[in-house]
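Asker: Got a structure for you, input18.txt, holding compact mmCIF, C-alpha atoms.
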```txt
# COMPACT_ATOMS: atom_id res chain seq x y z
CA MET F 1 -5.38 -9.90 -14.36
CA GLN F 2 -8.35 -12.11 -15.30
CA GLU F 3 -6.13 -15.20 -15.03
CA ILE F 4 -4.95 -14.15 -11.56
CA ILE F 5 -8.54 -13.54 -10.47
CA THR F 6 -9.64 -16.94 -11.77
CA TRP F 7 -6.89 -18.65 -9.78
CA LEU F 8 -7.67 -16.59 -6.67
CA ARG F 9 -11.32 -17.66 -6.86
CA SER F 10 -10.35 -21.33 -7.15
CA ILE F 11 -8.25 -21.09 -3.99
CA GLU F 12 -10.93 -19.20 -2.04
CA LEU F 13 -13.53 -21.80 -3.03
CA LEU F 14 -11.22 -24.66 -2.06
CA ALA F 15 -10.40 -23.03 1.28
CA SER F 16 -14.09 -22.46 2.05
CA LYS F 17 -14.92 -26.11 1.27
CA LEU F 18 -12.05 -27.57 3.30
CA TYR F 19 -12.56 -25.32 6.33
CA LEU F 20 -16.21 -26.32 6.44
CA GLU F 21 -15.28 -30.02 6.21
CA ALA F 22 -12.74 -29.52 9.00
CA ALA F 23 -15.39 -27.78 11.12
CA CYS F 24 -17.62 -30.84 10.76
CA SER F 25 -14.70 -33.17 11.48
CA LEU F 26 -13.96 -31.35 14.74
CA ASP F 27 -17.55 -30.71 15.72
CA GLY F 28 -16.82 -32.16 19.17
CA ASP F 29 -14.74 -29.08 19.94
CA GLN F 30 -16.96 -26.00 19.83
CA LYS F 31 -14.06 -23.54 19.75
CA TYR F 32 -12.40 -25.15 16.75
CA SER F 33 -15.66 -25.90 14.94
CA SER F 34 -16.98 -22.32 15.29
CA PHE F 35 -13.66 -20.82 14.23
CA LEU F 36 -13.44 -23.02 11.13
CA ALA F 37 -17.05 -22.36 10.15
CA ARG F 38 -16.38 -18.61 10.39
CA LEU F 39 -13.25 -18.96 8.22
CA SER F 40 -15.27 -20.92 5.68
CA GLU F 41 -17.86 -18.15 5.48
CA GLU F 42 -15.17 -15.51 4.98
CA GLU F 43 -13.47 -17.49 2.23
CA SER F 44 -16.84 -17.99 0.53
CA TRP F 45 -17.47 -14.25 0.65
CA HIS F 46 -14.03 -13.59 -0.84
CA TYR F 47 -14.87 -16.04 -3.63
CA HIS F 48 -18.09 -14.22 -4.51
CA ILE F 49 -16.67 -10.69 -4.27
CA ILE F 50 -13.74 -11.59 -6.51
CA GLY F 51 -16.23 -13.10 -8.93
CA SER F 52 -18.15 -9.82 -8.96
CA ALA F 53 -14.89 -8.04 -9.69
CA ALA F 54 -14.15 -10.32 -12.64
CA GLN F 55 -17.61 -9.68 -14.02
CA TYR F 56 -17.20 -5.92 -13.57
CA LEU F 57 -13.91 -5.94 -15.50
CA GLN F 58 -15.42 -8.01 -18.28
CA GLU F 59 -18.59 -5.94 -18.62
CA ASN F 60 -16.64 -2.68 -18.70
CA ASN F 61 -13.90 -4.08 -20.97
CA ILE F 62 -11.23 -3.16 -18.41
CA ARG F 63 -7.96 -5.04 -18.73
CA PRO F 64 -5.46 -3.79 -16.15
CA LYS F 65 -1.90 -4.94 -16.69
CA PRO F 66 -0.68 -6.75 -13.57
CA ALA F 67 2.52 -5.62 -11.86
CA ILE F 68 3.13 -8.97 -10.17
CA GLN F 69 3.37 -12.43 -11.63
CA VAL F 70 1.56 -15.51 -10.35
CA ASP F 71 3.86 -18.26 -11.57
CA ALA F 72 3.77 -22.03 -11.11
CA ALA F 73 6.08 -21.94 -8.08
CA LEU F 74 3.84 -19.50 -6.20
CA LYS F 75 0.75 -21.52 -7.07
CA ARG F 76 2.36 -24.71 -5.78
CA GLU F 77 3.41 -23.05 -2.53
CA VAL F 78 -0.10 -21.74 -1.90
CA GLU F 79 -1.91 -24.95 -2.93
CA ILE F 80 0.24 -27.51 -1.05
CA PRO F 81 -1.19 -26.90 2.46
CA PHE F 82 -4.75 -27.15 1.10
CA HIS F 83 -3.90 -30.46 -0.60
CA GLU F 84 -2.38 -31.68 2.68
CA LEU F 85 -5.52 -30.69 4.57
CA SER F 86 -7.70 -32.38 1.95
CA GLY F 87 -5.73 -35.63 2.29
CA LEU F 88 -5.95 -35.61 6.09
CA LEU F 89 -9.71 -35.05 5.94
CA ALA F 90 -10.21 -37.78 3.35
CA ASN F 91 -8.25 -40.29 5.43
CA LYS F 92 -9.94 -39.14 8.68
CA LYS F 93 -6.53 -38.48 10.22
CA LEU F 94 -6.90 -34.75 10.91
CA THR F 95 -5.53 -33.62 14.26
CA LYS F 96 -5.69 -30.13 15.73
CA LYS F 97 -1.93 -29.81 15.34
CA ASP F 98 -2.12 -30.79 11.65
CA LEU F 99 -5.00 -28.39 11.11
CA VAL F 100 -3.21 -25.44 12.68
CA GLU F 101 -0.05 -26.14 10.69
CA CYS F 102 -2.03 -26.23 7.42
CA ILE F 103 -3.85 -22.98 8.26
CA VAL F 104 -0.62 -21.16 9.11
CA LYS F 105 1.10 -22.32 5.91
CA ALA F 106 -1.94 -21.42 3.80
CA GLU F 107 -3.02 -18.14 5.36
CA PHE F 108 0.40 -16.54 5.90
CA SER F 109 1.81 -17.29 2.47
CA GLU F 110 2.31 -15.02 -0.53
CA PHE F 111 -1.31 -15.75 -1.45
CA ASN F 112 -2.41 -12.88 0.79
CA CYS F 113 -0.01 -10.54 -1.00
CA VAL F 114 -1.59 -11.47 -4.32
CA PHE F 115 -5.10 -11.09 -2.90
CA LEU F 116 -4.19 -7.70 -1.43
CA TYR F 117 -2.75 -6.53 -4.74
CA VAL F 118 -5.83 -7.59 -6.70
CA VAL F 119 -8.41 -6.04 -4.38
CA LYS F 120 -6.48 -2.78 -4.07
CA THR F 121 -6.13 -2.60 -7.84
CA LEU F 122 -9.86 -3.17 -8.17
CA GLY F 123 -10.49 -0.52 -5.52
CA GLU F 124 -8.68 2.00 -7.69
CA ILE F 125 -10.92 1.06 -10.62
CA SER F 126 -14.21 1.13 -8.70
CA ASN F 127 -14.94 2.25 -5.14
CA ALA F 128 -17.38 -0.68 -4.88
CA PHE F 129 -14.36 -2.85 -4.04
CA GLN F 130 -12.46 -0.47 -1.76
CA HIS F 131 -13.74 -2.01 1.46
CA VAL F 132 -12.55 -5.51 0.59
CA ALA F 133 -8.90 -4.91 1.48
CA ALA F 134 -9.87 -4.17 5.08
CA THR F 135 -11.36 -7.65 5.41
CA ILE F 136 -7.94 -9.21 4.84
CA GLU F 137 -6.56 -7.59 7.98
CA ILE F 138 -9.62 -8.68 9.98
CA HIS F 139 -9.28 -12.22 8.59
CA GLU F 140 -5.61 -12.43 9.56
CA LYS F 141 -6.25 -10.84 12.96
CA ARG F 142 -8.93 -13.43 13.74
CA ILE F 143 -6.53 -16.26 12.85
CA ARG F 144 -3.70 -14.82 14.96
CA GLU F 145 -6.02 -14.39 17.95
CA PHE F 146 -7.19 -17.98 17.61
CA LEU F 147 -3.61 -19.23 17.46
CA GLU F 148 -2.76 -17.31 20.62
CA GLU F 149 -5.78 -18.78 22.44
CA THR F 150 -5.15 -22.49 21.69
CA PRO F 151 -2.29 -24.77 22.84
CA GLU F 152 -1.65 -26.01 19.29
CA GLY F 153 -1.63 -22.45 17.98
CA ARG F 154 0.75 -21.15 20.64
CA ALA F 155 3.16 -23.98 19.84
CA ILE F 156 3.11 -23.04 16.14
CA ILE F 157 3.68 -19.38 16.95
CA GLN F 158 6.65 -20.28 19.11
CA ASP F 159 8.15 -22.70 16.58
CA ASP F 160 7.37 -20.96 13.28
CA PHE F 161 6.57 -17.28 13.82
CA ASN F 162 9.57 -16.67 16.05
CA LEU F 163 12.21 -18.28 13.87
CA PRO F 164 15.45 -16.31 13.75
CA HIS F 165 14.27 -13.94 11.04
CA ILE F 166 16.60 -11.01 10.62
CA TRP F 167 14.19 -8.52 12.09
CA ASP F 168 16.91 -5.93 12.67
CA LYS F 169 17.41 -5.62 8.91
CA LYS F 170 15.69 -2.73 7.18
CA ILE F 171 14.23 -2.45 3.69
CA LEU F 172 13.27 0.73 1.85
CA VAL F 173 10.56 0.56 -0.82
CA VAL F 174 10.33 3.57 -3.17
CA GLU F 175 7.29 3.37 -5.46
CA ASP F 176 4.81 6.05 -6.55
CA GLU F 177 1.85 3.71 -7.21
CA SER F 178 0.24 3.18 -3.80
CA THR F 179 -1.15 -0.28 -4.53
CA ILE F 180 2.17 -1.66 -5.73
CA ARG F 181 3.98 0.09 -2.89
CA GLU F 182 1.75 -1.60 -0.29
CA VAL F 183 2.05 -5.02 -1.89
CA LEU F 184 5.84 -4.75 -2.09
CA ALA F 185 5.95 -3.77 1.58
CA GLU F 186 3.60 -6.62 2.54
CA SER F 187 5.62 -9.16 0.58
CA LEU F 188 8.98 -8.06 2.00
CA LYS F 189 8.03 -7.62 5.65
CA ARG F 190 9.00 -11.27 6.26
CA LEU F 191 12.59 -10.26 5.60
CA GLY F 192 12.80 -7.22 7.85
CA ALA F 193 11.29 -3.89 8.83
CA VAL F 194 9.95 -2.13 5.73
CA THR F 195 9.77 1.64 5.24
CA ALA F 196 7.97 3.02 2.19
CA ALA F 197 8.37 6.24 0.18
CA ALA F 198 6.28 7.61 -2.70
CA ASP F 199 9.15 8.99 -4.81
CA GLY F 200 12.90 9.41 -4.99
CA ARG F 201 12.86 12.66 -3.04
CA GLU F 202 11.18 11.00 -0.06
CA GLY F 203 13.50 8.03 -0.40
CA LEU F 204 16.59 10.23 -0.39
CA ALA F 205 15.41 12.02 2.75
CA LEU F 206 14.98 8.66 4.48
CA LEU F 207 18.45 7.51 3.37
CA GLU F 208 19.98 10.61 4.92
CA LYS F 209 18.69 9.55 8.35
CA ASN F 210 18.63 5.75 8.17
CA PHE F 211 20.63 2.76 6.98
CA PHE F 212 18.79 0.25 4.81
CA ASN F 213 20.06 -3.23 3.97
CA ALA F 214 18.09 -3.24 0.72
CA ILE F 215 16.43 -0.54 -1.39
CA VAL F 216 13.70 -1.52 -3.85
CA SER F 217 12.90 1.34 -6.19
CA ASP F 218 10.71 2.04 -9.19
CA ILE F 219 12.30 3.92 -12.08
CA LYS F 220 9.53 6.17 -13.42
CA MET F 221 8.33 8.40 -10.57
CA PRO F 222 7.30 12.06 -10.15
CA LYS F 223 9.44 14.67 -8.34
CA MET F 224 12.55 12.47 -8.53
CA ASP F 225 12.81 9.31 -10.62
CA GLY F 226 14.67 6.17 -9.62
CA ILE F 227 17.80 6.89 -11.63
CA GLU F 228 18.26 10.36 -10.13
CA PHE F 229 17.48 8.93 -6.70
CA TYR F 230 20.19 6.31 -7.19
CA ARG F 231 22.76 8.84 -8.43
CA LYS F 232 22.22 11.19 -5.49
CA ALA F 233 22.21 8.33 -2.99
CA VAL F 234 25.49 6.96 -4.36
CA ALA F 235 27.05 10.45 -4.47
CA ALA F 236 26.36 10.73 -0.74
CA ASN F 237 27.42 7.14 0.02
CA PRO F 238 29.17 5.14 -2.74
CA ASP F 239 28.70 1.84 -0.83
CA ILE F 240 24.92 2.15 -1.10
CA SER F 241 25.03 1.10 -4.77
CA ARG F 242 25.19 -2.56 -3.71
CA HIS F 243 21.88 -2.25 -1.88
CA PHE F 244 19.66 -1.31 -4.84
CA LEU F 245 17.09 -3.37 -6.72
CA PHE F 246 14.98 -1.64 -9.37
CA VAL F 247 11.48 -2.66 -10.44
CA SER F 248 9.77 -1.15 -13.46
CA GLY F 249 7.09 -1.74 -16.03
CA ASP F 250 8.82 0.43 -18.60
CA ILE F 251 12.54 -0.17 -18.93
CA THR F 252 13.86 1.94 -21.78
CA PRO F 253 17.08 1.08 -23.65
CA GLU F 254 18.71 3.96 -21.78
CA ASP F 255 17.57 2.57 -18.46
CA GLY F 256 18.83 -0.88 -19.40
CA ALA F 257 22.22 0.52 -20.42
CA PHE F 258 22.46 2.42 -17.13
CA MET F 259 21.65 -0.75 -15.14
CA GLN F 260 24.22 -2.75 -17.03
CA ALA F 261 26.92 -0.10 -16.74
CA ASN F 262 26.42 0.11 -12.97
CA HIS F 263 25.91 -3.63 -12.42
CA LEU F 264 22.42 -3.06 -11.03
CA LEU F 265 19.62 -5.58 -10.61
CA CYS F 266 16.26 -4.84 -12.18
CA LEU F 267 12.95 -6.71 -12.27
CA GLU F 268 10.47 -5.91 -15.02
CA LYS F 269 6.77 -5.82 -14.13
CA PRO F 270 5.01 -8.17 -13.88
CA PHE F 271 7.46 -9.98 -11.63
CA SER F 272 7.32 -12.96 -9.30
CA LEU F 273 7.02 -12.11 -5.60
CA LYS F 274 9.24 -15.07 -4.80
CA ARG F 275 11.88 -13.77 -7.22
CA LEU F 276 11.60 -10.34 -5.59
CA SER F 277 12.09 -11.78 -2.10
CA GLY F 278 14.98 -13.92 -3.30
CA LEU F 279 16.84 -10.99 -4.82
CA VAL F 280 16.26 -8.79 -1.78
CA SER F 281 17.59 -11.58 0.45
CA GLU F 282 20.68 -11.88 -1.74
CA ILE F 283 21.24 -8.13 -1.64
CA MET F 284 20.98 -8.04 2.15
CA GLU F 285 23.51 -10.86 2.48
CA LYS F 286 26.00 -9.62 -0.12
CA ALA F 287 25.83 -5.96 0.86
CA LEU F 288 27.06 -6.58 4.39
```
Here is the file; what I need is its structure written in the form of structure tokens.

Answerer:
Amino acid sequence: MQEIITWLRSIELLASKLYLEAACSLDGDQKYSSFLARLSEEESWHYHIIGSAAQYLQENNIRPKPAIQVDAALKREVEIPFHELSGLLANKKLTKKDLVECIVKAEFSEFNCVFLYVVKTLGEISNAFQHVAATIEIHEKRIREFLEETPEGRAIIQDDFNLPHIWDKKILVVEDESTIREVLAESLKRLGAVTAAADGREGLALLEKNFFNAIVSDIKMPKMDGIEFYRKAVAANPDISRHFLFVSGDITPEDGAFMQANHLLCLEKPFSLKRLSGLVSEIMEKAL
């Protein structure tokens, strides 16, 4: 977790610096300059609050085991738009269109899923950090409103946000830990409409009334665990077996044998969000 936090801080600091430079570069346009300066302040605040969190963990000798993995591929994806923005600023070639494209790629990437996961995990450890998660929604809302109010932003929304995503596809997330459940839902919402359940019993009730293209389920859960949930779901509808993906931080030999015997996919925590999305996409395509 400390490594993830260190990386998060480096990105927040970089974003704050570049947004401020961009604000100065476009100081002839008050709307853009004010918006960028505000983003810079928010990123700077994120940097400091995450730093306080790291210090809190260290001082209290708390070492939470992360459920998600920040691998090299995710880091590259998040960092590329900031490097592009840095190059444009250095060469004095930044246009409003370039700026908006960089912001969209940076701010609506898996970085926000990682940030959300970290701050919600910290909120469970200390209520001093519980309010931070709400700032993410405000931050994203401010960016979306700006995009809707500017010609360059509206063009990006039309070209990028309304790509032919398969919005009619549905995904069910079954996970008892609320923080992980929310992060899974946030990460997968790009692939379709996500419904979440806190245990297998809730998941089974949802399956009785709805069709889901993919089902992402934890194994160890109260009331009804993932294996029992799977068995009852398949007993009611044998075809549903192709729609399952399990995620777990504690895969026993028995669980592993069950997965292998039933040709089931399983990700062990911590896992890559990109790998998760990739497997869910494959399931939705193959299960049709």

Asker: Identify, on the basis of all atoms listed in the file, every residue whose closest approach to Ile4 of chain F does not exceed 9 Å; exclude the query and any residue fewer than 3 positions from it along the same chain; express the result as JSON, numbers by chain.

Answerer: {"F": [1, 7, 8, 9, 66, 69, 70, 114, 118]}

Asker: Write to file, as a compact mmCIF listing (two decimals), in the frame of the given file, the residues of the selection just made, with C-alpha atoms.

Answerer:
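File selection07.txt, as written:
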```txt
# COMPACT_ATOMS: atom_id res chain seq x y z
CA MET F 1 -5.38 -9.90 -14.36
CA TRP F 7 -6.89 -18.65 -9.78
CA LEU F 8 -7.67 -16.59 -6.67
CA ARG F 9 -11.32 -17.66 -6.86
CA PRO F 66 -0.68 -6.75 -13.57
CA GLN F 69 3.37 -12.43 -11.63
CA VAL F 70 1.56 -15.51 -10.35
CA VAL F 114 -1.59 -11.47 -4.32
CA VAL F 118 -5.83 -7.59 -6.70
```

Asker: Suppose you want the space between atom CA of Glu254 of chain F and atom CA of Arg201 of chain F; what is it in Å?

Answerer: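 Separation between atom CA of Glu254 of chain F and atom CA of Arg201 of chain F: 21.5 Å.
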
Asker: Would you please work out which residue, of F:Ile283, F:Val104, F:Ile80, F:Leu273, is nearest to Leu147 of chain F when using only C-alpha atoms?

Answerer: F:Val104

Asker: Hey, which of F:Glu186, F:Glu285, F:Glu152, F:Glu137 ends up closest to Glu110 of chain F? Count only C-alpha atoms.

Answerer: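 Using only C-alpha atoms, the shortest distance to Glu110 of chain F belongs to F:Glu186.
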
Asker: What does the distance from atom CA of Thr252 of chain F to atom CA of Cys266 of chain F come to in Å, to one decimal?

Answerer: 12.0 Å

Asker: Between atom CA of Arg63 of chain F and atom CA of Ser16 of chain F, what is the distance, to one decimal in Å?

Answerer: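 Distance between the two atoms: 27.8 Å.
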
Asker: Env of Ile62 of chain F: 9 Å cut, atoms = all atoms listed in the file, seq-sep filter 5 positions within chain, self excluded. Answer as number ranges by chain.

Answerer: F: 56-57, 125

Asker: With distances taken over all atoms listed in the file, which residue among F:Phe212, F:Ile227, F:Val78, F:Arg275 lies nearest Met259 of chain F?

Answerer: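 The closest residue to Met259 of chain F is F:Ile227.
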